[in-house]
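Trainee: This is the structure I want to talk about, given as structure tokens.
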Amino acid sequence: MRGLALAAFVAAAAVGAVGVPAVARAQVQPKPVIVDLGKRAPVQCAAGNTSTAPSPARAIFFWAFAILAVAGGMLTISRRSAVAAVMWLVATFLAIAAAYVLLFAHFIAVIQVLVYAGAIMVLFVFVIMILNKEEEEPWAVRGIFGKGLAGLALLYLVMRLVSVLYYAPLEERPCISDQFGTTLSLGKTLFSTYLFPFEAVSIVLLIAVVGALVLAHPKHIHEEGGDGGAPS
Amino acid sequence: MPSDIHLYWIPLLPLLGAAINLIIGRRLPRWMVSAVACGSVGVACAYTLWLVIGPFYDAWAAARASGGKLAPLVDTVYTWIQAGRLKIELSFLLDPLAAVMIVIVTFVGFLIHVYSIGYMAHDKRLATYFGYLNLFTGAMLILVLGDSLPVLFIGWEGVGLCSYLLIGFWYTEEKNATAGRKAFIVNRIGDFAFLLGMFLLFSGTNVLNIQDLATAGTRLREVPHGGMGMSLAFWSALLLFGGAIGKSAQIPLYVWLPDAMAGPTPVSALIHAATMVTAGVYMVARMSFLYVLAPQAMMVVAGIGAATALFAAIIGFAQTDIKRVLAYSTVSQLGFMFVGVGVGAFSAGIFHLFTHAFFKAGLFLAAGSVMHAMGDKTDIMEMGGLKEKTPITHGVFLVYCLAIAGIPVFSGFFSKDDILLGAYAAELDGWPEWYGKVLWGVLSAAALGTAFYMFRLYFLVFGGKSRADAVTQAHIHESPPAMTIPLVVLAVGATLLGFLGLPKFIGHSFVEQWLSLPESKGAAEASNGLVGALMGGATALALVGIVAAWAVYRDGPERAARITEAIAPLKRLVQNKFYVDEIYDFLIVRPFKWLARGLFWVVDRIVIDKILVEGPAKVLSVLGRAVRAYQNGDVQRYLLLMVIGLGATFYFATCSPPDIVTERGPGNSVTFHALVNDGVARRQTKLAWDFNGDGQTDSVAPDVIFTFDSPGEKSVVLTVTDEFGKVRKIVRKVTVGGGK
Amino acid sequence: MSDIFWNVSLAHYLALAGVLFAIGVVGALMRRNALIVLMSVELMLNAGNVTLIAFARRLQDMRGHALALIVIALAAAEAAVGLAIVVSVFRATRHANVDRLTNLKN
């Protein structure tokens, strides 16, 4: 039963991830807005720009994927089985990728699917396979008072953010450049202004790989208090 | 004058020499150390002589011929300090007064450097010695060339430092190190007064540049700046003189100078006779414009000078250490100079400084030569009979003694007479009429004493038969040429230089014209008869002193011992320098030590160690015990605290009450800034300004410039509606108009 | 209410991010399994990325995307090191319960 639900959500997320870009790009044609929301006239954008005026399709997709993401997150943290949790997390990430597409962040969406839902999650699955241990008592209930306080703080944070919804100006910049969110423009940003952080991140990744190797190397365990894991 | 003259080379050359000798001197061969030291000062000396005798003299003569005043040569190197009203440039000033001083410093300094090659030939730390000596020369040149009081003060402190270093040069002996410390600490008292004087001058005039101060006359005369009804000029002159008292060893701070003889003899000659100790006199002459505004301060200067002159001369009677006699003689002669500048005869004081530099440096160097011959013995009771064995030293020593005693033709005669005349004829505003006469009387007594103790020294060292033991006697020899040549040069100077300041009935005084300092009215108007009479009297007194010394000491100390038996307690009193050191020890040093010990226990041990050092550690350890519960190693607990902190941060960052900042613009306009929470919520915040109190919204922008109809106090209302619909009203009063 | 439904704006994405972040925090706080804690951390990072992308869209500024990419790279690094730590901890203690890993206490 649980596996079925998981499969359904993963499938939905996949459909969303593929389908949404098509819908979003359909807006490229300066078509009149399908549903007049009674708020404003259809927007005419200058050449090279896309109208992003609110549309029912956009709204429906957002809500669908938002609910999928939230539900997936909740299931992630509530599953007893680590494998199930990872699967739900994959679903969540896919939903978030769909949200990225709705935000015209095509490249980031692809990376999200490839790196997060793909590579990182595979890593998790591997580790789970290595450990492969079911928990008897999954919830850490010690210090429940402090956790209640943290929950209140968290609730406050979320409340503030969600409350913004009620007072948000219900308007967006109606037009967006066709260049926005493309691989080309991201590349231009990343390899000009942000070249140094970009390179720095590569060093961080390298160090992380070396660190992971050193930490996970079996020798290290047996030589506790020794010379720090040098092969003998 | 050529415009490409750079005065800074004069102090810079010795400083470079010092840098070389102090940094790499130890690795250089000895001859190179000496060459660098003497060379740097020698080049500076040559440059100085060329500059002063050549272009500077020409400019002076031209200015004099045209009846104008010579504009001093100012060389600004760079701006040293600039802070608010305070602007101090590192700049040097050459005027006739400074010219005299740099000639003395470089010329005498050069001779003493040469002499040191011979004197210090066997010392291990030759490079250090020459480094310090060069450093001293450089600092002294900065002192005399300084264009402003702070620059002068650099040199002032620099020479003090070098003095300390050189007195304690042979620091392995406790006595020498102590003498160095004493000199430093006693000088510090004077320097503190000097600094206060400087601050006072700055607070009153906003300038520290000497030329600017000289033109700030009226402000210096203002009374409110001073206290007790005295003017700013009086207090600052007095405080500056406090510095001079320390540096130039006057009562009550003279005690360091006799002890300073612990240093090598050339050091005593250069620093503690010819140059550094005269810095006080120089400073008073440099600030003469200030002193003439405050005759009461000059009264103090002259009074202290005269008292010191006599007091030190009396102590000089009973000293048996050759260098100590000379040290007290220096203190006494400095007293003469202070009387000179104190009675307004500034050029007389400087003239005496000039001649004294030659004969006193010579005396010290000759004393060094004597000690050299005697195997470093300094007790004159064990000398005698050196006349034949060290003919050159004997000859020059006699010349110096004649000069300091004030026998006509020799230089000391002219300069000392100038001072005596100035004192006798002193007529300053607010001075009692008898004051100058009293000064003259005291100085005459001191002059008599000077002649006596100098010739006592001469007869005990050179006259009679040798009282030294056989080993020492066999060792007696004349010094090497490196030592005797400077002695001869100085002797020539000590003989002839007096003619630069001839009394007016013989010719004109070149020194007076050259310096063109404020002149003593009385001395200028004194009749030829008076001048002649005073000269005759002084000469007679000097002769009396010499004859008395001859009568008592020509064969050695025995006769004197017989005479003084009658007045033994008095003799002991004088021998022990009137117990001044002991009195200071009792009155000042010991209470200070007690105070220091008390401070050590109370401030250091309790306040600093216990409360300030251990206290925070204690508090932290108690706190640590309290918060240790939270460091239970549970990552989830840490995360929990982070989340709580995040919530709190969010709350405080977004929920602080709004505020208004105002800024007055031109006319009746005011710029208003609404300080509303930044971040996501800001855009949802609605603002409404009401500037004129009519209840209408005038603007909804966060930053507004509003022009009011009229100036005056206005009430501004800002209504803020946040994203939850909560309304806040802020009322702010602003004053309109009168802005920039 | 319909307005809020139909007009999807920046605020919607921020709210979504806030909720996801809160879920991540709850997971990291409440679960014992170190692996699930790590997943929760990933979830929180993603919530942060959503805000970045949403603001980039709002301000039409590609810098938000660049930053999000860097966050993804760092998240990968973090996951690699974190998982390695979990593995080595598991080897040493035969469990991966964060609330039992209190060795730092002493």
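Each chain in the structure tokens gets a letter, A, B, ..., in the order shown, and its residues are numbered from 1; ligands are numbered from 1 in order too.
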Only residues of chain B matter here; which ones have an atom within 6 Å of chain A, counting only C-alpha atoms? Give them as a list in words.
Mentor: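 Applying the cut-off to the listed atoms yields Leu640, Val643, Ile644, Gly647 and Glu723 of chain B.
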Trainee: Could the residues in this selection be written to a file with N, CA and C atoms, as a PDB file, in the first residue's frame?
Mentor:
```pdb
ATOM      1  N   LEU B 640      18.030  22.690  18.195  1.00  0.00           N
ATOM      2  CA  LEU B 640      16.861  23.254  18.867  1.00  0.00           C
ATOM      3  C   LEU B 640      17.131  24.688  19.315  1.00  0.00           C
ATOM      4  N   VAL B 643      17.177  27.021  16.446  1.00  0.00           N
ATOM      5  CA  VAL B 643      15.857  27.374  15.914  1.00  0.00           C
ATOM      6  C   VAL B 643      15.188  28.416  16.808  1.00  0.00           C
ATOM      7  N   ILE B 644      15.330  28.217  18.108  1.00  0.00           N
ATOM      8  CA  ILE B 644      14.755  29.224  19.015  1.00  0.00           C
ATOM      9  C   ILE B 644      15.417  30.576  18.762  1.00  0.00           C
ATOM     10  N   GLY B 647      14.075  32.149  15.631  1.00  0.00           N
ATOM     11  CA  GLY B 647      12.770  32.783  15.836  1.00  0.00           C
ATOM     12  C   GLY B 647      12.921  34.122  16.528  1.00  0.00           C
ATOM     13  N   GLU B 723       1.677  44.788   7.987  1.00  0.00           N
ATOM     14  CA  GLU B 723       0.998  43.808   7.155  1.00  0.00           C
ATOM     15  C   GLU B 723      -0.127  43.103   7.895  1.00  0.00           C
TER      16      GLU B 723
END
```
Trainee: Env of range 417-428 of chain B: 8 Å cut, atoms = only C-alpha atoms, seq-sep filter 3 positions within chain, self excluded. Answer as a PyMOL selection string.
Mentor: chain B and resi 295+336-337+339-340+343-345+348-349+352+413-414+431+433+436-437+439-440+443-444+503+520-523+526+531+534-535+538
Trainee: Once you count only C-alpha atoms, which residues of chain C turn out to be within 10 Å of chain B? Could you give them as a list in words?
Mentor: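 Within 10 Å of chain B on chain C, we get Ala11, Leu14, Ala22, Val25, Val26, Ala28, Leu29, Met30, Arg31, Arg32, Val37, Val98, Asp99, Arg100, Leu101, Thr102, Asn103, Leu104, Lys105 and Asn106 of chain C.
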Trainee: Put those residues in a file: C-alpha atoms, as a PDB file, in the first residue's frame.
Mentor:
```pdb
ATOM      1  CA  ALA C  11       4.632  35.299  -1.473  1.00  0.00           C
ATOM      2  CA  LEU C  14       7.983  32.070   0.192  1.00  0.00           C
ATOM      3  CA  ALA C  22       9.674  23.959   9.034  1.00  0.00           C
ATOM      4  CA  VAL C  25      13.524  21.428  11.083  1.00  0.00           C
ATOM      5  CA  VAL C  26      10.964  19.187  12.699  1.00  0.00           C
ATOM      6  CA  ALA C  28      16.031  17.164  12.101  1.00  0.00           C
ATOM      7  CA  LEU C  29      14.860  17.774  15.634  1.00  0.00           C
ATOM      8  CA  MET C  30      12.615  14.829  16.179  1.00  0.00           C
ATOM      9  CA  ARG C  31      14.060  11.875  14.347  1.00  0.00           C
ATOM     10  CA  ARG C  32      16.650   9.608  15.875  1.00  0.00           C
ATOM     11  CA  VAL C  37      18.206  13.876  10.005  1.00  0.00           C
ATOM     12  CA  VAL C  98      21.857  10.849  17.000  1.00  0.00           C
ATOM     13  CA  ASP C  99      20.454  11.055  20.500  1.00  0.00           C
ATOM     14  CA  ARG C 100      22.782   8.317  21.638  1.00  0.00           C
ATOM     15  CA  LEU C 101      25.809  10.006  20.119  1.00  0.00           C
ATOM     16  CA  THR C 102      26.705  12.262  23.003  1.00  0.00           C
ATOM     17  CA  ASN C 103      30.437  11.623  23.105  1.00  0.00           C
ATOM     18  CA  LEU C 104      31.080  15.372  22.934  1.00  0.00           C
ATOM     19  CA  LYS C 105      29.591  15.691  26.391  1.00  0.00           C
ATOM     20  CA  ASN C 106      32.832  14.758  28.069  1.00  0.00           C
TER      21      ASN C 106
END
```
Trainee: Would you mind reading off the distance between CA of Met454 in chain B and CA of Gly412 in chain B, one decimal, in Å?
Mentor: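 Computing the Euclidean distance for CA of Met454 in chain B and CA of Gly412 in chain B yields 13.1 Å.
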Trainee: Using CA of Ala64 in chain A and CA of Ile70 in chain C as the two end points, give the distance in Å to one decimal.
Mentor: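 Between CA of Ala64 in chain A and CA of Ile70 in chain C the gap works out to 27.6 Å.
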Trainee: Please provide the set of residues having any atom within 8 Å of Thr719 in chain B, restricted to only C-alpha atoms, with same-chain residues fewer than 5 positions apart removed, written as a PyMOL selection string.
Mentor: chain B and resi 687-689+727-730
Trainee: Restricting the calculation to only C-alpha atoms: of A:Val204, A:Ala212, A:Trp139, A:Thr183, which residue gets closest to Ser78 in chain A?
Mentor: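 Residue with the minimum atom-to-atom distance to Ser78 in chain A: A:Trp139.
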Trainee: Check the smallest atom-to-atom distance from each of A:Met129, A:Ile96, A:Leu184, A:Ala117 to chain C using only C-alpha atoms, then report the winner.
Mentor: A:Ile96
Trainee: Pick the closest to Ala297 in chain B from B:Leu257, B:Gly263, B:Ser163, B:Val341: which is it, counting only C-alpha atoms?
Mentor: B:Val341
Trainee: Going by DSSP on the backbone, which residues of range 516-693 of chain B come out as strand (DSSP E or B)? List them as a list in words.
Mentor: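 Selection result, strand (DSSP E or B) within range 516-693 of chain B: Asp659, Ile660, Val661, Thr662, Glu663, Arg664, Ser669, Val670, Thr671, Phe672, His673, Ala674, Leu675, Lys686, Leu687, Ala688, Trp689 and Asp690 of chain B.
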Trainee: Do you have the CA of Cys45 in chain B-CA of Val103 in chain B distance handy?
Mentor: 7.2 Å
